[in-house]
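Enquirer: Okay, here's the structure, questions in a sec.
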Amino acid sequence: MIAGRALTPGLATGRLVVAAAVRRGDAVLIAARSHPPELAGRWEFPGGSVESGEAPEQALVRECREELGLAVMPVARLQPEVPLAGGRALRLYACLAVGPAPVAHEHQGLRWVDAAQLDRIEWVPADVVLVPGVRRWLTSL
């Protein structure tokens with residue numbers, strides 16, 4: 001919980017995708033996709049699908065550990081869910097890194113970017129709508 005707001009439950013299994021805005025100072029971590037081919041090289045906030053029996057926050061912790069070797073602590077949702085194709089939804093969480101530096105296990109590369117750089121990134125289409133929430137978070141503290 002942060003600022004009196006509790007973290008919230010997810011949709012049905014396989015219907016919710018979670019993304020982590022992992023902050024370090026005044027920058028946020030972004031990852032370059034490796035696949036599918038039409039998205040390779042475009043940038044996203046790391047994350048993935050919520051699996052059966054997982055809370056969304058647990059999925060974030062697992063995905064960041066698997067994809068980045070990074071321990072994170074989700075602290076708040078940053079904006080409303082974004083609808084995705086196939087009846088799925090994308091949920092963005094503010095996260096704090098609590099472990100060693102990330103490593104690109106499943107991505108082409110990783111970058112730390114500040115609020116001013118967010119508009120110059122070639123995002124995957126689903127993450128474009130997440131940028132305003134991340135910018136507000138980066139500039140509000």
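In the structure tokens, chains take letters A, B, ... by order of appearance, with residues numbered from 1 within each chain and ligands from 1 in the order shown.
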Range 6-57 of chain A near range 85-109 of chain A within 8 Å: what's each residue's closest atom pair and its distance in Å to one decimal, counting only C-alpha atoms, ordered by chain then ascending residue number, as a Markdown table?

Expert:
| residue | atom | partner | partner_atom | distance |
| --- | --- | --- | --- | --- |
| A:Gly14 | CA | A:Arg88 | CA | 7.7 |
| A:Arg15 | CA | A:Arg88 | CA | 4.4 |
| A:Leu16 | CA | A:Ala89 | CA | 5.0 |
| A:Val17 | CA | A:Leu90 | CA | 4.7 |
| A:Val18 | CA | A:Arg91 | CA | 4.8 |
| A:Ala19 | CA | A:Leu92 | CA | 4.8 |
| A:Ala20 | CA | A:Tyr93 | CA | 5.2 |
| A:Ala21 | CA | A:Ala94 | CA | 5.0 |
| A:Val22 | CA | A:Cys95 | CA | 4.7 |
| A:Arg23 | CA | A:Leu96 | CA | 5.7 |
| A:Arg24 | CA | A:Ala97 | CA | 7.3 |
| A:Ala31 | CA | A:Gly109 | CA | 5.8 |
| A:Ala32 | CA | A:Gly109 | CA | 5.2 |
| A:Arg33 | CA | A:His107 | CA | 5.1 |
| A:Ser34 | CA | A:His107 | CA | 5.1 |
| A:Ala40 | CA | A:Gln108 | CA | 8.0 |
| A:Gly41 | CA | A:Gln108 | CA | 6.8 |

Enquirer: Could the residues in this selection be written to a file with all heavy atoms, as a short mmCIF file (atom, residue, chain, number, x, y, z; two decimals), in the first residue's frame?

Expert:
data_model
loop_
_atom_site.label_atom_id
_atom_site.label_comp_id
_atom_site.auth_asym_id
_atom_site.auth_seq_id
_atom_site.Cartn_x
_atom_site.Cartn_y
_atom_site.Cartn_z
N GLY A 14 -4.67 -15.32 -17.07
CA GLY A 14 -4.35 -15.15 -18.48
C GLY A 14 -4.96 -13.92 -19.11
O GLY A 14 -4.67 -13.59 -20.24
N ARG A 15 -5.81 -13.22 -18.38
CA ARG A 15 -6.47 -12.03 -18.91
C ARG A 15 -5.75 -10.75 -18.52
O ARG A 15 -5.98 -9.72 -19.11
CB ARG A 15 -7.91 -11.94 -18.41
CG ARG A 15 -8.76 -13.10 -18.79
CD ARG A 15 -8.88 -13.19 -20.23
NE ARG A 15 -10.24 -13.31 -20.71
CZ ARG A 15 -10.48 -13.43 -21.99
NH1 ARG A 15 -9.50 -13.45 -22.85
NH2 ARG A 15 -11.69 -13.54 -22.42
N LEU A 16 -4.92 -10.81 -17.51
CA LEU A 16 -4.24 -9.61 -17.02
C LEU A 16 -2.75 -9.69 -17.31
O LEU A 16 -2.10 -10.70 -17.04
CB LEU A 16 -4.46 -9.45 -15.51
CG LEU A 16 -3.87 -8.20 -14.88
CD1 LEU A 16 -4.50 -6.94 -15.47
CD2 LEU A 16 -4.08 -8.22 -13.37
N VAL A 17 -2.24 -8.61 -17.87
CA VAL A 17 -0.81 -8.45 -18.13
C VAL A 17 -0.36 -7.30 -17.23
O VAL A 17 -1.02 -6.27 -17.15
CB VAL A 17 -0.54 -8.11 -19.61
CG1 VAL A 17 0.94 -7.85 -19.85
CG2 VAL A 17 -1.07 -9.21 -20.51
N VAL A 18 0.75 -7.50 -16.54
CA VAL A 18 1.27 -6.48 -15.64
C VAL A 18 2.58 -5.93 -16.18
O VAL A 18 3.35 -6.65 -16.81
CB VAL A 18 1.45 -7.03 -14.21
CG1 VAL A 18 0.10 -7.27 -13.56
CG2 VAL A 18 2.28 -8.29 -14.19
N ALA A 19 2.79 -4.64 -15.93
CA ALA A 19 4.02 -3.98 -16.36
C ALA A 19 4.61 -3.24 -15.16
O ALA A 19 3.87 -2.69 -14.34
CB ALA A 19 3.74 -3.01 -17.49
N ALA A 20 5.93 -3.22 -15.10
CA ALA A 20 6.65 -2.60 -13.98
C ALA A 20 7.35 -1.33 -14.44
O ALA A 20 8.17 -1.36 -15.35
CB ALA A 20 7.68 -3.57 -13.42
N ALA A 21 7.03 -0.23 -13.78
CA ALA A 21 7.79 1.01 -13.94
C ALA A 21 8.77 1.02 -12.77
O ALA A 21 8.44 1.43 -11.66
CB ALA A 21 6.88 2.23 -13.91
N VAL A 22 9.97 0.50 -13.01
CA VAL A 22 10.99 0.35 -11.97
C VAL A 22 11.81 1.63 -11.94
O VAL A 22 12.44 2.00 -12.93
CB VAL A 22 11.90 -0.87 -12.24
CG1 VAL A 22 12.94 -1.00 -11.14
CG2 VAL A 22 11.08 -2.14 -12.38
N ARG A 23 11.78 2.29 -10.80
CA ARG A 23 12.43 3.60 -10.68
C ARG A 23 13.78 3.48 -9.98
O ARG A 23 13.95 2.73 -9.02
CB ARG A 23 11.51 4.51 -9.88
CG ARG A 23 12.03 5.92 -9.80
CD ARG A 23 11.02 6.81 -9.14
NE ARG A 23 11.54 8.16 -9.09
CZ ARG A 23 10.78 9.22 -9.02
NH1 ARG A 23 9.47 9.10 -8.98
NH2 ARG A 23 11.32 10.41 -8.97
N ARG A 24 14.73 4.27 -10.50
CA ARG A 24 16.04 4.46 -9.86
C ARG A 24 16.32 5.95 -9.94
O ARG A 24 16.56 6.47 -11.04
CB ARG A 24 17.11 3.65 -10.58
CG ARG A 24 18.49 3.81 -9.93
CD ARG A 24 19.56 3.02 -10.64
NE ARG A 24 19.90 3.73 -11.89
CZ ARG A 24 20.74 3.29 -12.80
NH1 ARG A 24 21.32 2.12 -12.65
NH2 ARG A 24 21.00 3.99 -13.88
N ALA A 31 12.86 -1.82 -21.43
CA ALA A 31 13.50 -3.00 -22.02
C ALA A 31 13.14 -3.10 -23.49
O ALA A 31 11.98 -2.88 -23.87
CB ALA A 31 13.03 -4.25 -21.28
N ALA A 32 14.12 -3.44 -24.34
CA ALA A 32 13.89 -3.62 -25.78
C ALA A 32 13.46 -5.05 -26.05
O ALA A 32 14.14 -6.00 -25.65
CB ALA A 32 15.16 -3.31 -26.57
N ARG A 33 12.33 -5.20 -26.72
CA ARG A 33 11.78 -6.53 -27.02
C ARG A 33 12.71 -7.31 -27.95
O ARG A 33 13.33 -6.75 -28.85
CB ARG A 33 10.42 -6.40 -27.72
CG ARG A 33 9.30 -5.78 -26.92
CD ARG A 33 8.69 -6.72 -25.93
NE ARG A 33 8.22 -7.97 -26.51
CZ ARG A 33 6.98 -8.40 -26.47
NH1 ARG A 33 6.05 -7.68 -25.92
NH2 ARG A 33 6.66 -9.56 -27.00
N SER A 34 12.75 -8.61 -27.76
CA SER A 34 13.48 -9.51 -28.65
C SER A 34 12.54 -10.17 -29.65
O SER A 34 12.95 -10.54 -30.73
CB SER A 34 14.17 -10.61 -27.84
OG SER A 34 15.15 -10.08 -27.00
N ALA A 40 10.34 -6.54 -32.22
CA ALA A 40 11.75 -6.62 -31.84
C ALA A 40 12.41 -5.25 -31.97
O ALA A 40 12.24 -4.56 -32.97
CB ALA A 40 12.48 -7.65 -32.69
N GLY A 41 13.13 -4.87 -30.93
CA GLY A 41 13.83 -3.59 -30.92
C GLY A 41 13.01 -2.45 -30.37
O GLY A 41 13.55 -1.39 -30.06
#

Enquirer: Give me the residues near Arg62 in chain A as number ranges by chain, where near means some atom within 9 Å (using only C-alpha atoms) and where sequence neighbours in that chain fewer than 5 positions away do not count.

Expert: A: 47, 57, 67, 71

Enquirer: Return the single residue from A:Leu118, A:Val50, A:Val129, A:Val134 that is closest to Ala76 in chain A, with distances computed using only C-alpha atoms.

Expert: A:Val134

Enquirer: Considering only C-alpha atoms, can you say which of A:Ile30, A:Ile121, A:Val61, A:Val128 comes closest to Pro46 in chain A?

Expert: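 Comparing A:Ile30, A:Ile121, A:Val61, A:Val128 against Pro46 in chain A, the winner is A:Ile30.
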
Enquirer: Which distance in Å separates CA of Glu66 in chain A and CA of Val28 in chain A, to one decimal?

Expert: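 Between these atoms lies a distance of 18.6 Å.
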
Enquirer: I want to know what sits within 10 Å of Asp119 in chain A, based on only C-alpha atoms, with residues of the same chain fewer than 4 positions away left out; could you give that as a list in words?

Expert: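 Selected residues are Ala115, Trp123, Val128, Val131, Pro132 and Arg135 of chain A.
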
Enquirer: Only C-alpha atoms, please: the residues just picked out, written as a PDB file, in the first residue's frame.

Expert:
ATOM      1  CA  ALA A 115      10.836  11.898 -17.909  1.00  0.00           C
ATOM      2  CA  TRP A 123       7.511   2.064 -27.724  1.00  0.00           C
ATOM      3  CA  VAL A 128       2.479   4.164 -25.443  1.00  0.00           C
ATOM      4  CA  VAL A 131       3.955   6.864 -20.687  1.00  0.00           C
ATOM      5  CA  PRO A 132       1.852   9.697 -19.162  1.00  0.00           C
ATOM      6  CA  ARG A 135       5.994  10.697 -16.481  1.00  0.00           C
TER       7      ARG A 135
END

Enquirer: Can you list every residue in range 36-132 of chain A that DSSP puts in strand (DSSP E or B), as an MDAnalysis selection string?

Expert: chainID A and resid 43:44 47:49 72:77 82:83 89:97 109:114 123

Enquirer: Create the file for the chosen residues now, containing C-alpha atoms and written as a PDB file, in the first residue's frame.

Expert:
ATOM      1  CA  TRP A  43      10.782  -0.606 -25.988  1.00  0.00           C
ATOM      2  CA  GLU A  44       8.444  -1.609 -23.184  1.00  0.00           C
ATOM      3  CA  GLY A  47       6.387  -7.488 -17.129  1.00  0.00           C
ATOM      4  CA  GLY A  48       4.146 -10.274 -18.341  1.00  0.00           C
ATOM      5  CA  SER A  49       0.988 -12.294 -17.807  1.00  0.00           C
ATOM      6  CA  VAL A  72      11.364  -5.474  -7.230  1.00  0.00           C
ATOM      7  CA  MET A  73       8.765  -4.298  -4.753  1.00  0.00           C
ATOM      8  CA  PRO A  74       5.487  -3.090  -6.309  1.00  0.00           C
ATOM      9  CA  VAL A  75       4.250  -0.037  -4.403  1.00  0.00           C
ATOM     10  CA  ALA A  76       1.245   1.386  -6.316  1.00  0.00           C
ATOM     11  CA  ARG A  77      -0.809   1.235  -9.482  1.00  0.00           C
ATOM     12  CA  VAL A  82      -5.509  -0.423 -20.493  1.00  0.00           C
ATOM     13  CA  PRO A  83      -7.618  -2.739 -22.688  1.00  0.00           C
ATOM     14  CA  ALA A  89      -5.964  -5.827 -19.878  1.00  0.00           C
ATOM     15  CA  LEU A  90      -2.615  -4.185 -19.070  1.00  0.00           C
ATOM     16  CA  ARG A  91      -1.970  -2.871 -15.572  1.00  0.00           C
ATOM     17  CA  LEU A  92       1.019  -0.650 -14.724  1.00  0.00           C
ATOM     18  CA  TYR A  93       2.646  -0.623 -11.284  1.00  0.00           C
ATOM     19  CA  ALA A  94       5.234   1.646  -9.741  1.00  0.00           C
ATOM     20  CA  CYS A  95       8.059  -0.550  -8.437  1.00  0.00           C
ATOM     21  CA  LEU A  96      11.210  -0.077  -6.453  1.00  0.00           C
ATOM     22  CA  ALA A  97      14.314  -2.115  -7.232  1.00  0.00           C
ATOM     23  CA  GLY A 109      18.766  -4.397 -24.121  1.00  0.00           C
ATOM     24  CA  LEU A 110      17.889  -2.288 -21.093  1.00  0.00           C
ATOM     25  CA  ARG A 111      18.000   1.476 -20.515  1.00  0.00           C
ATOM     26  CA  TRP A 112      17.281   3.899 -17.715  1.00  0.00           C
ATOM     27  CA  VAL A 113      15.420   6.964 -19.050  1.00  0.00           C
ATOM     28  CA  ASP A 114      14.172  10.127 -17.375  1.00  0.00           C
ATOM     29  CA  TRP A 123       7.511   2.064 -27.724  1.00  0.00           C
TER      30      TRP A 123
END

Enquirer: Given only C-alpha atoms as the basis, pick out the residue of A:Leu84, A:Leu70, A:Leu29, A:Leu78 nearest to Ala126 in chain A.

Expert: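 Nearest candidate to Ala126 in chain A out of A:Leu84, A:Leu70, A:Leu29, A:Leu78: A:Leu84.
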
Enquirer: How far is it from CA of Ala59 in chain A to CA of Glu38 in chain A, in Å with one decimal?

Expert: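 If I compute the distance from CA of Ala59 in chain A to CA of Glu38 in chain A, I get 25.1 Å.
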
Enquirer: Which is closest to Asp127 in chain A among A:Glu63, A:Asp26, A:Glu81, A:Glu51, if we use only C-alpha atoms?

Expert: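 Looking at the shortest contact to Asp127 in chain A, the residue is A:Glu81.
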
Enquirer: DSSP on the backbone: which residues in chain A end up as alpha helix (DSSP H)? Give the answer as a tab-separated table (two decimals) with all heavy atoms, in the first residue's frame.

Expert:
chain	number	residue	atom	x	y	z
A	56	PRO	N	-1.51	-9.98	-9.02
A	56	PRO	CA	-0.75	-9.18	-10.00
A	56	PRO	C	0.63	-8.78	-9.50
A	56	PRO	O	1.60	-8.82	-10.25
A	56	PRO	CB	-1.65	-7.96	-10.23
A	56	PRO	CG	-3.02	-8.43	-9.91
A	56	PRO	CD	-2.85	-9.43	-8.80
A	57	GLU	N	0.71	-8.41	-8.23
A	57	GLU	CA	2.00	-7.99	-7.68
A	57	GLU	C	2.99	-9.15	-7.65
A	57	GLU	O	4.19	-8.97	-7.87
A	57	GLU	CB	1.81	-7.42	-6.27
A	57	GLU	CG	0.95	-6.18	-6.23
A	57	GLU	CD	-0.55	-6.47	-6.21
A	57	GLU	OE1	-0.97	-7.67	-6.19
A	57	GLU	OE2	-1.32	-5.50	-6.23
A	58	GLN	N	2.50	-10.36	-7.36
A	58	GLN	CA	3.36	-11.54	-7.38
A	58	GLN	C	3.87	-11.80	-8.79
A	58	GLN	O	5.03	-12.19	-8.98
A	58	GLN	CB	2.61	-12.77	-6.87
A	58	GLN	CG	2.28	-12.74	-5.41
A	58	GLN	CD	1.32	-13.86	-5.02
A	58	GLN	OE1	0.40	-14.18	-5.75
A	58	GLN	NE2	1.56	-14.44	-3.86
A	59	ALA	N	3.02	-11.60	-9.79
A	59	ALA	CA	3.43	-11.78	-11.18
A	59	ALA	C	4.54	-10.80	-11.55
A	59	ALA	O	5.50	-11.17	-12.23
A	59	ALA	CB	2.23	-11.62	-12.12
A	60	LEU	N	4.43	-9.55	-11.10
A	60	LEU	CA	5.49	-8.57	-11.37
A	60	LEU	C	6.81	-9.01	-10.78
A	60	LEU	O	7.85	-8.93	-11.44
A	60	LEU	CB	5.11	-7.21	-10.79
A	60	LEU	CG	4.28	-6.30	-11.62
A	60	LEU	CD1	3.95	-5.03	-10.84
A	60	LEU	CD2	4.97	-5.96	-12.92
A	61	VAL	N	6.77	-9.43	-9.54
A	61	VAL	CA	8.00	-9.88	-8.87
A	61	VAL	C	8.61	-11.05	-9.64
A	61	VAL	O	9.82	-11.07	-9.92
A	61	VAL	CB	7.71	-10.24	-7.40
A	61	VAL	CG1	8.90	-10.95	-6.76
A	61	VAL	CG2	7.32	-8.98	-6.62
A	62	ARG	N	7.78	-12.03	-10.01
A	62	ARG	CA	8.27	-13.20	-10.74
A	62	ARG	C	8.82	-12.80	-12.11
A	62	ARG	O	9.92	-13.23	-12.49
A	62	ARG	CB	7.13	-14.22	-10.92
A	62	ARG	CG	7.53	-15.44	-11.75
A	62	ARG	CD	6.37	-16.37	-12.01
A	62	ARG	NE	5.17	-15.73	-12.53
A	62	ARG	CZ	5.01	-15.31	-13.79
A	62	ARG	NH1	5.98	-15.45	-14.68
A	62	ARG	NH2	3.88	-14.75	-14.17
A	63	GLU	N	8.07	-12.03	-12.87
A	63	GLU	CA	8.51	-11.64	-14.22
A	63	GLU	C	9.81	-10.85	-14.18
A	63	GLU	O	10.71	-11.09	-15.00
A	63	GLU	CB	7.42	-10.83	-14.93
A	63	GLU	CG	6.21	-11.64	-15.33
A	63	GLU	CD	6.43	-12.52	-16.55
A	63	GLU	OE1	7.47	-12.40	-17.22
A	63	GLU	OE2	5.54	-13.34	-16.83
A	64	CYS	N	9.95	-9.92	-13.25
A	64	CYS	CA	11.19	-9.13	-13.18
A	64	CYS	C	12.37	-10.00	-12.78
A	64	CYS	O	13.48	-9.82	-13.28
A	64	CYS	CB	11.02	-7.96	-12.22
A	64	CYS	SG	9.97	-6.64	-12.88
A	65	ARG	N	12.13	-10.97	-11.90
A	65	ARG	CA	13.20	-11.91	-11.51
A	65	ARG	C	13.60	-12.77	-12.71
A	65	ARG	O	14.79	-12.94	-12.99
A	65	ARG	CB	12.74	-12.77	-10.34
A	65	ARG	CG	13.80	-13.71	-9.82
A	65	ARG	CD	13.30	-14.59	-8.68
A	65	ARG	NE	12.21	-15.45	-9.14
A	65	ARG	CZ	10.94	-15.37	-8.73
A	65	ARG	NH1	10.58	-14.47	-7.84
A	65	ARG	NH2	10.02	-16.19	-9.21
A	66	GLU	N	12.61	-13.33	-13.43
A	66	GLU	CA	12.91	-14.21	-14.56
A	66	GLU	C	13.54	-13.47	-15.74
A	66	GLU	O	14.51	-13.95	-16.32
A	66	GLU	CB	11.61	-14.89	-15.04
A	66	GLU	CG	11.06	-15.90	-14.08
A	66	GLU	CD	9.69	-16.43	-14.50
A	66	GLU	OE1	9.15	-16.02	-15.55
A	66	GLU	OE2	9.16	-17.28	-13.76
A	67	GLU	N	12.97	-12.34	-16.11
A	67	GLU	CA	13.42	-11.62	-17.30
A	67	GLU	C	14.64	-10.74	-17.08
A	67	GLU	O	15.41	-10.50	-18.00
A	67	GLU	CB	12.29	-10.73	-17.85
A	67	GLU	CG	11.11	-11.51	-18.36
A	67	GLU	CD	10.03	-10.60	-18.94
A	67	GLU	OE1	10.22	-9.37	-18.98
A	67	GLU	OE2	9.00	-11.13	-19.35
A	68	LEU	N	14.80	-10.24	-15.84
A	68	LEU	CA	15.84	-9.24	-15.58
A	68	LEU	C	16.79	-9.61	-14.46
A	68	LEU	O	17.76	-8.89	-14.21
A	68	LEU	CB	15.17	-7.90	-15.21
A	68	LEU	CG	14.13	-7.36	-16.17
A	68	LEU	CD1	13.38	-6.20	-15.54
A	68	LEU	CD2	14.78	-6.95	-17.48
A	125	PRO	N	3.28	-0.68	-29.15
A	125	PRO	CA	2.01	0.06	-29.13
A	125	PRO	C	1.27	0.02	-27.79
A	125	PRO	O	0.74	1.04	-27.35
A	125	PRO	CB	1.19	-0.62	-30.23
A	125	PRO	CG	2.22	-1.14	-31.18
A	125	PRO	CD	3.39	-1.57	-30.31
A	126	ALA	N	1.24	-1.10	-27.12
A	126	ALA	CA	0.49	-1.20	-25.86
A	126	ALA	C	1.06	-0.28	-24.77
A	126	ALA	O	0.32	0.19	-23.90
A	126	ALA	CB	0.48	-2.64	-25.36
A	127	ASP	N	2.35	-0.01	-24.80
A	127	ASP	CA	2.97	0.79	-23.73
A	127	ASP	C	2.91	2.29	-23.96
A	127	ASP	O	3.16	3.06	-23.04
A	127	ASP	CB	4.42	0.34	-23.51
A	127	ASP	CG	4.50	-0.97	-22.75
A	127	ASP	OD1	3.53	-1.77	-22.81
A	127	ASP	OD2	5.52	-1.21	-22.10
A	128	VAL	N	2.57	2.72	-25.15
A	128	VAL	CA	2.48	4.16	-25.44
A	128	VAL	C	1.55	4.85	-24.45
A	128	VAL	O	1.85	5.93	-23.93
A	128	VAL	CB	2.01	4.41	-26.90
A	128	VAL	CG1	1.67	5.87	-27.13
A	128	VAL	CG2	3.08	3.94	-27.88
A	131	VAL	N	2.94	5.82	-20.84
A	131	VAL	CA	3.95	6.86	-20.69
A	131	VAL	C	3.47	8.04	-19.83
A	131	VAL	O	4.21	8.48	-18.94
A	131	VAL	CB	4.48	7.31	-22.06
A	131	VAL	CG1	5.36	8.55	-21.94
A	131	VAL	CG2	5.25	6.17	-22.72
A	132	PRO	N	2.27	8.57	-20.01
A	132	PRO	CA	1.85	9.70	-19.16
A	132	PRO	C	1.85	9.37	-17.67
A	132	PRO	O	2.27	10.20	-16.85
A	132	PRO	CB	0.44	10.03	-19.67
A	132	PRO	CG	0.44	9.57	-21.09
A	132	PRO	CD	1.29	8.32	-21.08
A	133	GLY	N	1.41	8.18	-17.29
A	133	GLY	CA	1.41	7.80	-15.89
A	133	GLY	C	2.82	7.70	-15.33
A	133	GLY	O	3.08	8.11	-14.19
A	134	VAL	N	3.73	7.17	-16.13
A	134	VAL	CA	5.14	7.07	-15.69
A	134	VAL	C	5.74	8.46	-15.57
A	134	VAL	O	6.44	8.76	-14.60
A	134	VAL	CB	5.95	6.18	-16.66
A	134	VAL	CG1	7.42	6.22	-16.32
A	134	VAL	CG2	5.42	4.75	-16.61
A	135	ARG	N	5.47	9.33	-16.53
A	135	ARG	CA	5.99	10.70	-16.48
A	135	ARG	C	5.51	11.41	-15.21
A	135	ARG	O	6.30	12.06	-14.51
A	135	ARG	CB	5.59	11.51	-17.70
A	135	ARG	CG	6.15	12.93	-17.68
A	135	ARG	CD	5.73	13.77	-18.87
A	135	ARG	NE	6.23	13.20	-20.10
A	135	ARG	CZ	5.49	12.53	-20.98
A	135	ARG	NH1	4.19	12.36	-20.79
A	135	ARG	NH2	6.02	12.03	-22.07
A	136	ARG	N	4.22	11.29	-14.89
A	136	ARG	CA	3.68	11.92	-13.68
A	136	ARG	C	4.40	11.40	-12.44
A	136	ARG	O	4.75	12.16	-11.54
A	136	ARG	CB	2.18	11.66	-13.55
A	136	ARG	CG	1.33	12.56	-14.41
A	136	ARG	CD	-0.15	12.43	-14.08
A	136	ARG	NE	-0.68	11.09	-14.24
A	136	ARG	CZ	-1.11	10.58	-15.39
A	136	ARG	NH1	-1.09	11.32	-16.49
A	136	ARG	NH2	-1.57	9.35	-15.45
A	137	TRP	N	4.64	10.07	-12.42
A	137	TRP	CA	5.31	9.49	-11.26
A	137	TRP	C	6.74	10.00	-11.14
A	137	TRP	O	7.21	10.34	-10.06
A	137	TRP	CB	5.27	7.97	-11.36
A	137	TRP	CG	5.83	7.25	-10.18
A	137	TRP	CD1	5.55	7.50	-8.87
A	137	TRP	CD2	6.75	6.17	-10.20
A	137	TRP	NE1	6.23	6.62	-8.06
A	137	TRP	CE2	6.97	5.80	-8.85
A	137	TRP	CE3	7.39	5.47	-11.20
A	137	TRP	CZ2	7.82	4.76	-8.49
A	137	TRP	CZ3	8.23	4.43	-10.85
A	137	TRP	CH2	8.44	4.08	-9.52
A	138	LEU	N	7.46	10.05	-12.25
A	138	LEU	CA	8.85	10.50	-12.22
A	138	LEU	C	8.99	11.96	-11.83
A	138	LEU	O	9.98	12.36	-11.24
A	138	LEU	CB	9.52	10.27	-13.58
A	138	LEU	CG	9.82	8.84	-13.95
A	138	LEU	CD1	10.36	8.76	-15.37
A	138	LEU	CD2	10.78	8.19	-12.97
A	139	THR	N	8.01	12.78	-12.18
A	139	THR	CA	8.12	14.21	-11.91
A	139	THR	C	7.41	14.64	-10.64
A	139	THR	O	7.51	15.80	-10.24
A	139	THR	CB	7.58	15.03	-13.10
A	139	THR	OG1	6.22	14.67	-13.34
A	139	THR	CG2	8.42	14.78	-14.36
A	140	SER	N	6.72	13.71	-9.96
A	140	SER	CA	5.97	14.09	-8.77
A	140	SER	C	6.75	13.95	-7.46
A	140	SER	O	6.33	14.45	-6.44
A	140	SER	CB	4.68	13.26	-8.67
A	140	SER	OG	4.99	11.90	-8.41

Enquirer: Using only C-alpha atoms, pick whichever of A:Leu130, A:Val124, A:Ala116, A:Leu39 has the shortest atom-to-atom distance to Gln79 in chain A.

Expert: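 Using only C-alpha atoms, Gln79 in chain A sits closest to A:Leu130.
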